[in-house]
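Student: I am sharing target_23.tsv, which consists of TSV, C-alpha atoms:
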```tsv
chain	number	residue	atom	x	y	z
A	1	MET	CA	21.35	-8.79	-1.55
A	2	GLN	CA	22.03	-11.35	1.18
A	3	ASN	CA	25.30	-10.83	3.05
A	4	HIS	CA	26.93	-14.28	3.12
A	5	ARG	CA	29.55	-13.07	5.61
A	6	ASP	CA	26.93	-12.02	8.14
A	7	PRO	CA	25.60	-15.06	10.05
A	8	ILE	CA	22.79	-13.06	11.66
A	9	ALA	CA	21.61	-11.82	8.25
A	10	GLN	CA	21.63	-15.43	7.04
A	11	LEU	CA	19.62	-16.52	10.09
A	12	LEU	CA	17.02	-13.80	9.57
A	13	ASN	CA	16.84	-14.63	5.88
A	14	LEU	CA	16.06	-18.28	6.68
A	15	HIS	CA	13.07	-17.20	8.76
A	16	HIS	CA	12.02	-14.79	6.02
A	17	VAL	CA	12.12	-17.58	3.42
A	18	LEU	CA	10.13	-19.84	5.75
A	19	GLU	CA	7.50	-17.12	6.05
A	20	VAL	CA	7.32	-16.10	2.38
A	21	GLU	CA	7.94	-19.33	0.49
A	22	HIS	CA	6.49	-21.91	2.90
A	23	ASP	CA	3.50	-20.04	4.35
A	24	ASP	CA	5.36	-19.65	7.64
A	25	GLY	CA	5.49	-23.43	7.98
A	26	ASP	CA	1.78	-23.93	7.32
A	27	LYS	CA	1.20	-20.89	9.56
A	28	GLY	CA	3.28	-22.49	12.30
A	29	ASN	CA	1.29	-25.72	12.30
A	30	PHE	CA	4.06	-27.86	10.83
A	31	LEU	CA	5.73	-30.43	13.07
A	32	PHE	CA	8.65	-28.16	13.90
A	33	GLY	CA	6.65	-24.95	14.36
A	34	TRP	CA	5.17	-22.95	17.18
A	35	GLN	CA	1.45	-23.67	17.07
A	36	CYS	CA	0.24	-26.07	19.77
A	37	GLU	CA	-2.70	-28.27	20.56
A	38	ASN	CA	-3.98	-27.84	24.09
A	39	PRO	CA	-6.86	-30.11	25.09
A	40	PHE	CA	-6.65	-28.91	28.70
A	41	ALA	CA	-7.26	-25.17	28.29
A	42	GLY	CA	-11.06	-25.16	28.64
A	43	ASP	CA	-11.25	-24.00	32.28
A	44	LEU	CA	-8.70	-21.23	31.71
A	45	LEU	CA	-10.51	-19.97	28.63
A	46	ALA	CA	-13.88	-20.01	30.39
A	47	ALA	CA	-12.51	-18.14	33.40
A	48	THR	CA	-10.93	-15.56	31.08
A	49	ARG	CA	-14.21	-14.96	29.25
A	50	ASP	CA	-16.08	-14.60	32.53
A	51	ARG	CA	-13.58	-12.07	33.87
A	52	SER	CA	-13.57	-10.13	30.61
A	53	ARG	CA	-17.32	-9.57	30.73
A	54	ALA	CA	-16.92	-7.65	33.98
A	55	LEU	CA	-14.31	-5.23	32.59
A	56	ASN	CA	-14.78	-1.86	30.94
A	57	HIS	CA	-14.90	-2.42	27.17
A	58	ILE	CA	-15.32	1.27	26.35
A	59	GLN	CA	-12.29	3.05	27.81
A	60	TYR	CA	-8.59	2.60	27.14
A	61	THR	CA	-6.98	0.23	29.62
A	62	TYR	CA	-3.31	-0.26	30.40
A	63	LEU	CA	-1.63	-3.36	31.78
A	64	GLU	CA	0.93	-1.31	33.70
A	65	GLU	CA	-1.85	0.45	35.63
A	66	ASP	CA	-3.33	-2.82	36.92
A	67	SER	CA	-1.84	-2.82	40.41
A	68	ALA	CA	-3.70	-5.99	41.37
A	69	LEU	CA	-2.05	-7.86	38.50
A	70	ILE	CA	1.39	-6.66	39.55
A	71	THR	CA	0.71	-7.83	43.10
A	72	GLU	CA	-0.37	-11.24	41.78
A	73	ILE	CA	2.82	-11.60	39.73
A	74	ARG	CA	4.98	-10.61	42.70
A	75	SER	CA	3.22	-13.20	44.82
A	76	ALA	CA	3.58	-15.81	42.07
A	77	HIS	CA	7.35	-15.39	41.95
A	78	ARG	CA	7.66	-15.46	45.72
A	79	HIS	CA	5.93	-18.82	45.47
A	80	LEU	CA	7.74	-20.14	42.38
A	81	ASP	CA	11.23	-18.72	42.93
A	82	GLY	CA	11.34	-17.85	46.61
A	83	ILE	CA	12.47	-14.34	45.60
A	84	GLU	CA	10.62	-11.02	45.55
A	85	PRO	CA	10.94	-9.28	42.14
A	86	CYS	CA	12.20	-5.70	42.24
A	87	ASP	CA	9.47	-4.59	39.83
A	88	VAL	CA	7.18	-5.98	37.12
A	89	PHE	CA	6.13	-4.63	33.74
A	90	CYS	CA	3.45	-6.36	31.65
A	91	GLY	CA	2.98	-6.37	27.89
A	92	ALA	CA	0.95	-7.91	25.10
A	93	GLY	CA	3.27	-10.81	24.32
A	94	ALA	CA	6.96	-11.65	24.46
A	95	THR	CA	7.83	-10.15	21.06
A	96	ALA	CA	6.36	-6.78	22.07
A	97	LEU	CA	8.60	-6.74	25.13
A	98	LEU	CA	11.68	-7.76	23.13
A	99	VAL	CA	11.05	-4.90	20.71
A	100	THR	CA	10.52	-2.53	23.64
A	101	PHE	CA	13.82	-3.67	25.13
A	102	ALA	CA	15.64	-2.84	21.90
A	103	ALA	CA	13.90	0.54	21.68
A	104	TYR	CA	14.74	1.24	25.33
A	105	LEU	CA	18.42	0.55	24.64
A	106	ARG	CA	18.29	2.93	21.70
A	107	MET	CA	16.66	5.61	23.83
A	108	LYS	CA	19.46	5.17	26.39
A	109	ARG	CA	22.01	5.57	23.58
A	110	ILE	CA	23.34	2.04	24.10
A	111	GLN	CA	24.70	1.03	20.70
A	112	GLU	CA	26.32	-2.31	21.53
A	113	ILE	CA	25.33	-5.29	23.64
A	114	TYR	CA	26.57	-8.86	24.06
A	115	PHE	CA	24.69	-12.13	23.79
A	116	VAL	CA	24.95	-15.84	24.52
A	117	PRO	CA	23.85	-17.68	21.37
A	118	PRO	CA	21.29	-18.44	20.26
A	119	ILE	CA	18.88	-15.59	20.85
A	120	TYR	CA	15.34	-15.58	19.51
A	121	PHE	CA	15.24	-14.38	15.92
A	122	SER	CA	12.79	-11.61	16.79
A	123	ALA	CA	15.38	-10.22	19.20
A	124	HIS	CA	17.96	-10.11	16.41
A	125	PHE	CA	15.43	-8.39	14.16
A	126	ALA	CA	14.55	-5.78	16.81
A	127	LEU	CA	18.17	-5.02	17.66
A	128	ARG	CA	19.01	-4.47	14.00
A	129	LEU	CA	15.92	-2.39	13.50
A	130	PHE	CA	17.11	0.03	16.19
A	131	GLY	CA	20.74	-0.01	15.07
A	132	ILE	CA	22.16	-1.90	18.04
A	133	HIS	CA	25.14	-4.15	17.42
A	134	ALA	CA	25.07	-7.52	19.20
A	135	ARG	CA	28.34	-9.36	19.84
A	136	PRO	CA	28.41	-13.07	20.81
A	137	VAL	CA	30.42	-13.96	23.91
A	138	SER	CA	30.80	-17.58	22.84
A	139	GLY	CA	30.85	-19.79	19.78
A	140	ARG	CA	28.87	-22.45	21.65
A	141	HIS	CA	25.46	-22.70	23.29
A	142	ALA	CA	25.16	-22.70	27.06
A	143	PHE	CA	24.17	-26.38	27.38
A	144	GLU	CA	27.18	-27.66	25.40
A	145	ASP	CA	30.01	-29.30	27.35
A	146	SER	CA	32.63	-27.14	25.63
A	147	PHE	CA	30.79	-23.90	26.43
A	148	THR	CA	32.85	-20.98	27.73
A	149	MET	CA	32.17	-17.24	27.74
A	150	ASN	CA	34.38	-14.28	26.99
A	151	LEU	CA	32.42	-11.71	28.97
A	152	PRO	CA	33.45	-8.06	28.67
A	153	SER	CA	35.33	-6.51	31.57
A	154	LYS	CA	33.32	-3.27	31.34
A	155	GLU	CA	29.76	-2.51	32.41
A	156	SER	CA	27.60	-3.93	29.62
A	157	VAL	CA	24.30	-5.53	28.67
A	158	LEU	CA	24.12	-9.31	28.10
A	159	LEU	CA	21.17	-10.95	26.34
A	160	LEU	CA	20.32	-14.64	26.73
A	161	THR	CA	17.47	-16.72	25.35
A	162	ASP	CA	17.01	-19.89	27.38
A	163	PRO	CA	17.66	-22.72	24.86
A	164	ILE	CA	14.54	-24.48	26.11
A	165	TRP	CA	12.88	-22.77	23.14
A	166	TYR	CA	14.49	-25.19	20.70
A	167	THR	CA	16.18	-28.01	22.68
A	168	GLY	CA	14.21	-28.39	25.90
A	169	VAL	CA	17.55	-28.01	27.70
A	170	PRO	CA	17.78	-25.02	30.08
A	171	ILE	CA	20.75	-22.77	30.78
A	172	PRO	CA	22.94	-24.66	33.29
A	173	GLY	CA	23.18	-23.28	36.80
A	174	ARG	CA	26.98	-23.02	36.56
A	175	VAL	CA	26.65	-20.63	33.60
A	176	LEU	CA	24.15	-18.47	35.44
A	177	GLY	CA	26.42	-18.48	38.48
A	178	GLU	CA	29.28	-17.18	36.34
A	179	ILE	CA	27.02	-14.45	34.95
A	180	ARG	CA	25.97	-13.47	38.49
A	181	GLN	CA	29.61	-13.06	39.48
A	182	TRP	CA	30.22	-10.98	36.35
A	183	GLN	CA	27.22	-8.77	37.21
A	184	GLU	CA	28.60	-8.13	40.69
A	185	LYS	CA	32.05	-7.35	39.35
A	186	THR	CA	31.04	-5.04	36.49
A	187	GLY	CA	27.58	-3.77	37.43
A	188	SER	CA	26.24	-5.19	34.17
A	189	ILE	CA	22.66	-5.94	33.13
A	190	ALA	CA	21.54	-9.43	32.05
A	191	PHE	CA	18.34	-9.87	30.05
A	192	VAL	CA	17.03	-13.45	30.11
A	193	ASP	CA	14.32	-14.42	27.64
A	194	GLY	CA	12.76	-17.28	29.58
A	195	SER	CA	9.54	-17.52	27.60
A	196	PHE	CA	9.39	-21.32	27.86
A	197	GLN	CA	10.55	-21.68	31.45
A	198	TYR	CA	8.39	-22.99	34.30
A	199	MET	CA	7.60	-26.26	32.48
A	200	PRO	CA	10.05	-28.68	34.17
A	201	TRP	CA	9.56	-32.31	33.20
A	202	ASN	CA	10.06	-33.48	36.80
A	203	ASN	CA	7.36	-30.99	37.96
A	204	ILE	CA	9.83	-29.51	40.47
A	205	VAL	CA	9.94	-25.75	39.87
A	206	SER	CA	13.44	-24.45	40.52
A	207	GLU	CA	14.15	-21.72	37.98
A	208	LYS	CA	17.90	-21.13	38.10
A	209	SER	CA	17.81	-17.78	36.31
A	210	ALA	CA	16.18	-16.43	39.50
A	211	GLN	CA	19.65	-16.62	41.07
A	212	LEU	CA	20.86	-13.68	38.97
A	213	ASP	CA	21.11	-10.29	40.68
A	214	PRO	CA	17.49	-8.99	40.59
A	215	SER	CA	18.69	-5.37	40.73
A	216	ARG	CA	20.65	-5.92	37.49
A	217	THR	CA	18.50	-8.49	35.69
A	218	VAL	CA	15.53	-8.36	33.34
A	219	ARG	CA	13.66	-11.67	33.09
A	220	LEU	CA	11.04	-12.21	30.38
A	221	VAL	CA	8.26	-14.65	31.27
A	222	SER	CA	5.49	-15.62	28.84
A	223	PRO	CA	2.43	-17.35	30.31
A	224	SER	CA	0.88	-17.39	26.81
A	225	LYS	CA	3.68	-19.72	25.70
A	226	SER	CA	4.17	-21.81	28.83
A	227	LEU	CA	0.40	-22.42	29.11
A	228	CYS	CA	0.04	-22.99	25.34
A	229	VAL	CA	-2.72	-20.44	24.93
A	230	ALA	CA	-1.26	-18.23	22.22
A	231	GLY	CA	-4.58	-16.71	21.19
A	232	TYR	CA	-4.15	-14.36	24.14
A	233	ARG	CA	-1.00	-12.23	24.03
A	234	PHE	CA	0.45	-11.75	27.51
A	235	ALA	CA	3.98	-11.68	28.87
A	236	TYR	CA	5.85	-9.68	31.48
A	237	VAL	CA	9.34	-8.72	32.52
A	238	LEU	CA	10.78	-8.69	36.00
A	239	ILE	CA	12.85	-5.50	35.94
A	240	PRO	CA	15.16	-3.43	38.12
A	241	LEU	CA	13.20	-0.68	39.86
A	242	PRO	CA	15.00	2.21	38.05
A	243	TRP	CA	13.83	0.84	34.68
A	244	ARG	CA	10.12	1.35	35.38
A	245	THR	CA	9.51	4.90	34.16
A	246	ASP	CA	11.51	4.85	30.91
A	247	PHE	CA	10.63	1.26	29.99
A	248	SER	CA	6.94	2.00	30.49
A	249	HIS	CA	7.22	5.22	28.46
A	250	THR	CA	8.90	3.33	25.61
A	251	TYR	CA	6.37	0.49	25.54
A	252	THR	CA	3.31	2.72	25.77
A	253	ASN	CA	4.48	4.97	22.94
A	254	ILE	CA	4.92	1.95	20.67
A	255	TYR	CA	1.99	-0.27	21.68
A	256	ALA	CA	-0.36	2.02	23.66
A	257	SER	CA	-3.20	0.37	25.58
A	258	ALA	CA	-4.16	-3.29	25.94
A	259	CYS	CA	-7.44	-4.94	25.05
A	260	VAL	CA	-9.59	-6.03	27.97
A	261	ASP	CA	-9.34	-9.69	26.95
A	262	THR	CA	-5.57	-9.50	27.42
A	263	ILE	CA	-6.03	-8.06	30.91
A	264	ALA	CA	-8.59	-10.71	31.82
A	265	PHE	CA	-6.32	-13.47	30.55
A	266	ALA	CA	-3.32	-12.05	32.41
A	267	HIS	CA	-4.99	-12.48	35.81
A	268	GLU	CA	-6.18	-16.01	35.05
A	269	ALA	CA	-2.85	-17.03	33.49
A	270	VAL	CA	-0.82	-15.97	36.52
A	271	ALA	CA	-3.15	-18.00	38.74
A	272	ALA	CA	-2.74	-20.99	36.40
A	273	MET	CA	1.07	-20.67	36.53
A	274	VAL	CA	0.95	-20.92	40.32
A	275	GLY	CA	-1.69	-23.64	40.38
A	276	ARG	CA	0.38	-25.83	38.02
A	277	GLN	CA	-2.49	-28.15	37.04
A	278	LEU	CA	-2.63	-27.04	33.40
A	279	THR	CA	1.15	-26.93	33.10
A	280	ASN	CA	1.56	-30.39	34.58
A	281	ARG	CA	-0.98	-31.89	32.18
A	282	LEU	CA	0.80	-30.32	29.19
A	283	VAL	CA	4.16	-31.60	30.44
A	284	THR	CA	2.74	-35.09	30.97
A	285	LEU	CA	1.45	-35.15	27.39
A	286	ALA	CA	4.75	-33.85	25.96
A	287	THR	CA	6.94	-36.25	27.93
A	288	SER	CA	4.78	-39.29	27.21
A	289	ARG	CA	4.97	-38.53	23.48
A	290	HIS	CA	8.73	-38.08	23.76
A	291	ARG	CA	9.19	-41.41	25.55
A	292	ASP	CA	7.05	-43.16	22.96
A	293	LEU	CA	9.05	-41.75	20.04
A	294	ARG	CA	12.34	-42.69	21.69
A	295	SER	CA	11.18	-46.21	22.55
A	296	LYS	CA	10.08	-46.80	18.95
A	297	GLY	CA	13.36	-45.50	17.58
A	298	LYS	CA	11.71	-42.65	15.66
A	299	ILE	CA	13.96	-40.00	17.22
A	300	HIS	CA	17.41	-39.95	18.78
A	301	SER	CA	19.51	-37.30	20.50
A	302	VAL	CA	22.60	-37.00	22.64
A	303	LEU	CA	20.80	-34.16	24.40
A	304	GLN	CA	18.37	-34.82	27.23
A	305	ALA	CA	15.48	-32.37	27.37
A	306	THR	CA	14.18	-31.52	30.83
A	307	CYS	CA	11.77	-28.63	30.27
A	308	GLY	CA	9.13	-27.30	27.87
A	309	TYR	CA	7.67	-28.95	24.79
A	310	PHE	CA	10.42	-28.58	22.20
A	311	VAL	CA	13.22	-31.10	21.67
A	312	PHE	CA	16.18	-31.13	19.31
A	313	GLU	CA	16.57	-34.62	17.87
A	314	GLU	CA	17.66	-36.65	14.90
A	315	LEU	CA	14.45	-37.70	13.18
A	316	LYS	CA	14.60	-41.34	12.05
A	317	PHE	CA	11.21	-41.28	10.40
A	318	ASP	CA	10.18	-40.46	6.85
A	319	LEU	CA	8.02	-37.38	6.43
A	320	PRO	CA	6.13	-36.39	3.27
A	321	ALA	CA	8.40	-35.39	0.39
A	322	GLY	CA	9.49	-31.76	0.56
A	323	TYR	CA	8.40	-31.32	4.18
A	324	VAL	CA	10.20	-28.28	5.63
A	325	ARG	CA	12.39	-28.91	8.65
A	326	MET	CA	13.90	-26.54	11.20
A	327	GLY	CA	17.43	-27.81	11.59
A	328	GLY	CA	20.32	-26.25	13.45
A	329	GLU	CA	20.72	-23.54	10.81
A	330	TYR	CA	17.61	-21.84	12.23
A	331	PHE	CA	19.19	-21.66	15.69
A	332	ASP	CA	22.80	-20.71	14.95
A	333	GLN	CA	23.68	-24.33	15.76
A	334	PRO	CA	25.95	-26.14	13.25
A	335	ARG	CA	27.26	-28.87	15.55
A	336	TYR	CA	24.36	-31.35	15.43
A	337	PRO	CA	24.01	-32.33	11.77
A	338	GLY	CA	20.72	-34.03	10.94
A	339	TYR	CA	19.01	-32.75	14.08
A	340	THR	CA	15.77	-30.79	13.93
A	341	ARG	CA	13.53	-29.04	16.42
A	342	ILE	CA	10.33	-30.99	17.17
A	343	ASN	CA	7.24	-29.57	18.83
A	344	LEU	CA	5.80	-32.31	21.00
A	345	LEU	CA	2.45	-30.48	21.16
A	346	SER	CA	2.26	-29.64	17.46
A	347	PRO	CA	-1.07	-29.96	15.62
A	348	SER	CA	0.93	-32.02	13.11
A	349	PHE	CA	2.27	-34.47	15.69
A	350	HIS	CA	0.07	-37.18	14.16
A	351	LEU	CA	2.63	-37.43	11.34
A	352	LEU	CA	4.98	-39.17	13.78
A	353	GLN	CA	2.28	-41.57	14.96
A	354	GLU	CA	1.37	-42.99	11.57
```
Output the structure of this file as C-alpha cells.
Tutor:
Amino acid sequence: MQNHRDPIAQLLNLHHVLEVEHDDGDKGNFLFGWQCENPFAGDLLAATRDRSRALNHIQYTYLEEDSALITEIRSAHRHLDGIEPCDVFCGAGATALLVTFAAYLRMKRIQEIYFVPPIYFSAHFALRLFGIHARPVSGRHAFEDSFTMNLPSKESVLLLTDPIWYTGVPIPGRVLGEIRQWQEKTGSIAFVDGSFQYMPWNNIVSEKSAQLDPSRTVRLVSPSKSLCVAGYRFAYVLIPLPWRTDFSHTYTNIYASACVDTIAFAHEAVAAMVGRQLTNRLVTLATSRHRDLRSKGKIHSVLQATCGYFVFEELKFDLPAGYVRMGGEYFDQPRYPGYTRINLLSPSFHLLQE
C-alpha cells in the first residue's frame, strides 16, 4: 500500500506508474523523457567501433584496471576544471555508480545521510534498497531565490543532484561555496551527481562543483549522458584517494567486469569531452530550439536554463489528448504549477514544431 505521508515513496511510485502503465513514457521517447536524437554522433561511434576491434573480446576486462583511461580522465579534468582529481573510478553508467555508492555506505555502516533536493529517483531507490535514511537539508531547490540549508554540525554525508537534469539550471556557486566551508568545518563528504554537467550554453566550461574539497568530494560525471550516446554505458566518479579500495571492491562484486565496447567508448568519450566539438553542436541545437519555442510563445518560464538539454517550462501548446507529462511532482518540486520538464533533444520534439 502506498504511504501517503512519505513523499519519497510517492515520488518513487510516480516513476513506477510511468514505467508500468505508460510504457516508461514510450520507452523514454516521449517529449519529457530521457531518450535523445543525436545527428552528430557518427564520428564518435565509428571511432569506438574501430577501437573495440583491437581489444580482447575473449577475456574478462575491468574498467578500473585501465590505467591509460584513468590518466586520460585526470588530464581531461586538469583541462576542464584546472584541478587534478585525487582519484578516478569508472563504471558502466551513472546508475551503476549510484547503486555502488549506496552499497558502499551500507558496507561502511553509514545508516543516515543528508541531501539537497531533488536527487535522482534512482538514488532514492538505491538508498532505500540498502536501508539508508536520507534527510533533506532544505525544503527548496538550490537554484531557488529562497533556498537555504540546515546542514548538520557533525561529520556527515551530503548528496546533491545538479538540477540541470530537469531545469537546465545548475547549482549556484554560492551554494557550493557554503558546502565547501561546511566540509572544512566538519570533515564531511559531499557527493555531487553531475551527470548532465559540462554542457554550458555559453560554451565556457567553468564547472563550479570543482571548487568543493577534492579530498572530501565524490563527483559523478556521465559522458554517455552529456554526449547523448546512451547506447554505451559509461560514467565515472572523481573520488577521495582513501575510497579506492573499498569502492572498487563494492562495485566489482555487484557488477563484475565491463564489456569491451564500454571500454572502447570510454576512451573515445573522454577525448570528445575535451574536444568539445560534439558537445557544442548538441548545445547549439538545443539552444536554437529553445529560442524558437520561446519566440513563438509555445513555452514560458521564470527560470533561465544555462546548461544541458532539459528545461522546466510552462507549456503553452496543445499536445495529443492523454499525453503524459513530467511536472514538478516527478522532481519533488511543487512551487511551479503547470511547469513540465522538456527534453530539447527528444525524438518527439517534432510535436512542438507542428
Student: Find, counting only C-alpha atoms, the residue in A:Leu11, A:Val274, A:Leu55, A:Leu45 that gets nearest to Gly327 in chain A.
Tutor: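 So, comparing all the options, the nearest one is A:Leu11.
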Student: Could you please determine the separation between CA of Asp318 in chain A and CA of His300 in chain A in Å, to one decimal place?
Tutor: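 The value is 14.0 Å.
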Student: Between CA of Ile70 in chain A and CA of Ser226 in chain A, what distance in Å does the model show, to one decimal?
Tutor: 18.8 Å
Student: At what distance in Å, to one decimal, does CA of Thr100 in chain A lie from CA of Tyr62 in chain A?
Tutor: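 Result for CA of Tyr62 in chain A versus CA of Thr100 in chain A: 15.6 Å, one decimal.
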Student: Point out the residue among A:Gln111, A:Pro320, A:Ala272, A:Asp6 with the least atom-to-atom distance to Glu354 in chain A, counting all atoms listed in the file.
Tutor: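 Counting all atoms listed in the file, the residue closest to Glu354 in chain A is A:Pro320.
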Student: Here is a test: counting only C-alpha atoms, which residue of A:Arg53, A:His249, A:His77, A:His16 is nearest to Val270 in chain A?
Tutor: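 Comparing A:Arg53, A:His249, A:His77, A:His16 against Val270 in chain A, the winner is A:His77.
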Student: Measuring between only C-alpha atoms, which one of A:Ala92, A:Cys228, A:Leu63, A:Ile119 shows the shortest distance to Gln333 in chain A?
Tutor: A:Ile119
Student: Considering all atoms listed in the file, state which residue in the set A:Ser301, A:Gln59, A:Ser153, A:Ser248 is at the smallest distance from Thr186 in chain A.
Tutor: A:Ser153
Student: For Glu72 in chain A, which of A:Arg174, A:Lys296, A:Arg180, A:His267 is the closest residue, counting all atoms listed in the file?
Tutor: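 Closest to Glu72 in chain A of all the choices is A:His267.
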Student: When you look at Phe125 in chain A with a cut-off of 12 Å (counting all atoms listed in the file), what residues show up, excluding the ones that are within fewer than 4 positions of it in the same chain? I need them as an MDAnalysis selection string.
Tutor: chainID A and resid 8:13 15:16 95 98:99 102:103 119:121 129:134
Student: Could those residues be written to a file, using C-alpha atoms, as a PDB file, keeping the file's coordinate frame?
Tutor:
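This is the output file out.pdb:
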```
ATOM      1  CA  ILE A   8      22.790 -13.060  11.660  1.00  0.00           C
ATOM      2  CA  ALA A   9      21.610 -11.820   8.250  1.00  0.00           C
ATOM      3  CA  GLN A  10      21.630 -15.430   7.040  1.00  0.00           C
ATOM      4  CA  LEU A  11      19.620 -16.520  10.090  1.00  0.00           C
ATOM      5  CA  LEU A  12      17.020 -13.800   9.570  1.00  0.00           C
ATOM      6  CA  ASN A  13      16.840 -14.630   5.880  1.00  0.00           C
ATOM      7  CA  HIS A  15      13.070 -17.200   8.760  1.00  0.00           C
ATOM      8  CA  HIS A  16      12.020 -14.790   6.020  1.00  0.00           C
ATOM      9  CA  THR A  95       7.830 -10.150  21.060  1.00  0.00           C
ATOM     10  CA  LEU A  98      11.680  -7.760  23.130  1.00  0.00           C
ATOM     11  CA  VAL A  99      11.050  -4.900  20.710  1.00  0.00           C
ATOM     12  CA  ALA A 102      15.640  -2.840  21.900  1.00  0.00           C
ATOM     13  CA  ALA A 103      13.900   0.540  21.680  1.00  0.00           C
ATOM     14  CA  ILE A 119      18.880 -15.590  20.850  1.00  0.00           C
ATOM     15  CA  TYR A 120      15.340 -15.580  19.510  1.00  0.00           C
ATOM     16  CA  PHE A 121      15.240 -14.380  15.920  1.00  0.00           C
ATOM     17  CA  LEU A 129      15.920  -2.390  13.500  1.00  0.00           C
ATOM     18  CA  PHE A 130      17.110   0.030  16.190  1.00  0.00           C
ATOM     19  CA  GLY A 131      20.740  -0.010  15.070  1.00  0.00           C
ATOM     20  CA  ILE A 132      22.160  -1.900  18.040  1.00  0.00           C
ATOM     21  CA  HIS A 133      25.140  -4.150  17.420  1.00  0.00           C
ATOM     22  CA  ALA A 134      25.070  -7.520  19.200  1.00  0.00           C
TER      23      ALA A 134
END
```
Student: Please tabulate, as a Markdown table, the residues of range 104-184 of chain A that come within 10 Å of range 334-345 of chain A, each with its closest pair of atoms and the distance in Å to one decimal, counting only C-alpha atoms and ordering rows by chain, then residue number upward.
Tutor:
```
| residue | atom | partner | partner_atom | distance |
| --- | --- | --- | --- | --- |
| A:Arg140 | CA | A:Arg335 | CA | 9.0 |
| A:Glu144 | CA | A:Arg335 | CA | 9.9 |
| A:Trp165 | CA | A:Arg341 | CA | 9.2 |
| A:Tyr166 | CA | A:Arg341 | CA | 5.8 |
| A:Thr167 | CA | A:Arg341 | CA | 6.9 |
| A:Gly168 | CA | A:Arg341 | CA | 9.5 |
```
Student: For the point (8.2, -15.7, 29.4) in file coordinates, what residues are within 8 Å, counting all atoms listed in the file? Give the answer as a list of chain:residue names?
Tutor: A:Ala94, A:Asp193, A:Gly194, A:Ser195, A:Phe196, A:Gln197, A:Arg219, A:Leu220, A:Val221, A:Ser222, A:Pro223, A:Ser224, A:Lys225, A:Ser226, A:Ala235, A:Tyr236, A:Val237
Student: Residues near Gly82 in chain A, anyone? I mean within 12 Å using all atoms listed in the file, not counting same-chain ones fewer than 2 positions away, as an NGL selection string.
Tutor: :A and (74-80 or 84-85 or 205-208 or 210-211)
Student: Name all residues at most 9 Å from Ala190 in chain A (count all atoms listed in the file; drop same-chain ones fewer than 6 positions away) and give them as a list in words.
Tutor: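 Result of the neighbour search: Ser156, Val157, Leu158, Leu159, Leu160, Ile179, Arg180, Gln183, Leu212, Asp213, Arg216, Thr217, Val218 and Arg219 of chain A.
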Student: Can you pull out every residue within 10 Å of Ala286 in chain A, counting all atoms listed in the file, but drop anything in the same chain fewer than 5 positions away, and send it as number ranges by chain?
Tutor: A: 201, 280-281, 291, 307-311, 343-346
Student: List the neighbours of Lys316 in chain A out to 7 Å using only C-alpha atoms; skip same-chain residues closer than 2 positions along the sequence, and give me the result as a PyMOL selection string.
Tutor: chain A and resi 298-299+314+318
Student: Calculate, to one decimal in Å, the centre and edge lengths of the box along x, y and z of the file that holds all listed atoms of range 87-91 of chain A with 4 Å of margin on each side, and present them as lines of an AutoDock Vina configuration file.
Tutor:
```
center_x = 6.2
center_y = -5.5
center_z = 33.9
size_x = 14.5
size_y = 9.8
size_z = 19.9
```
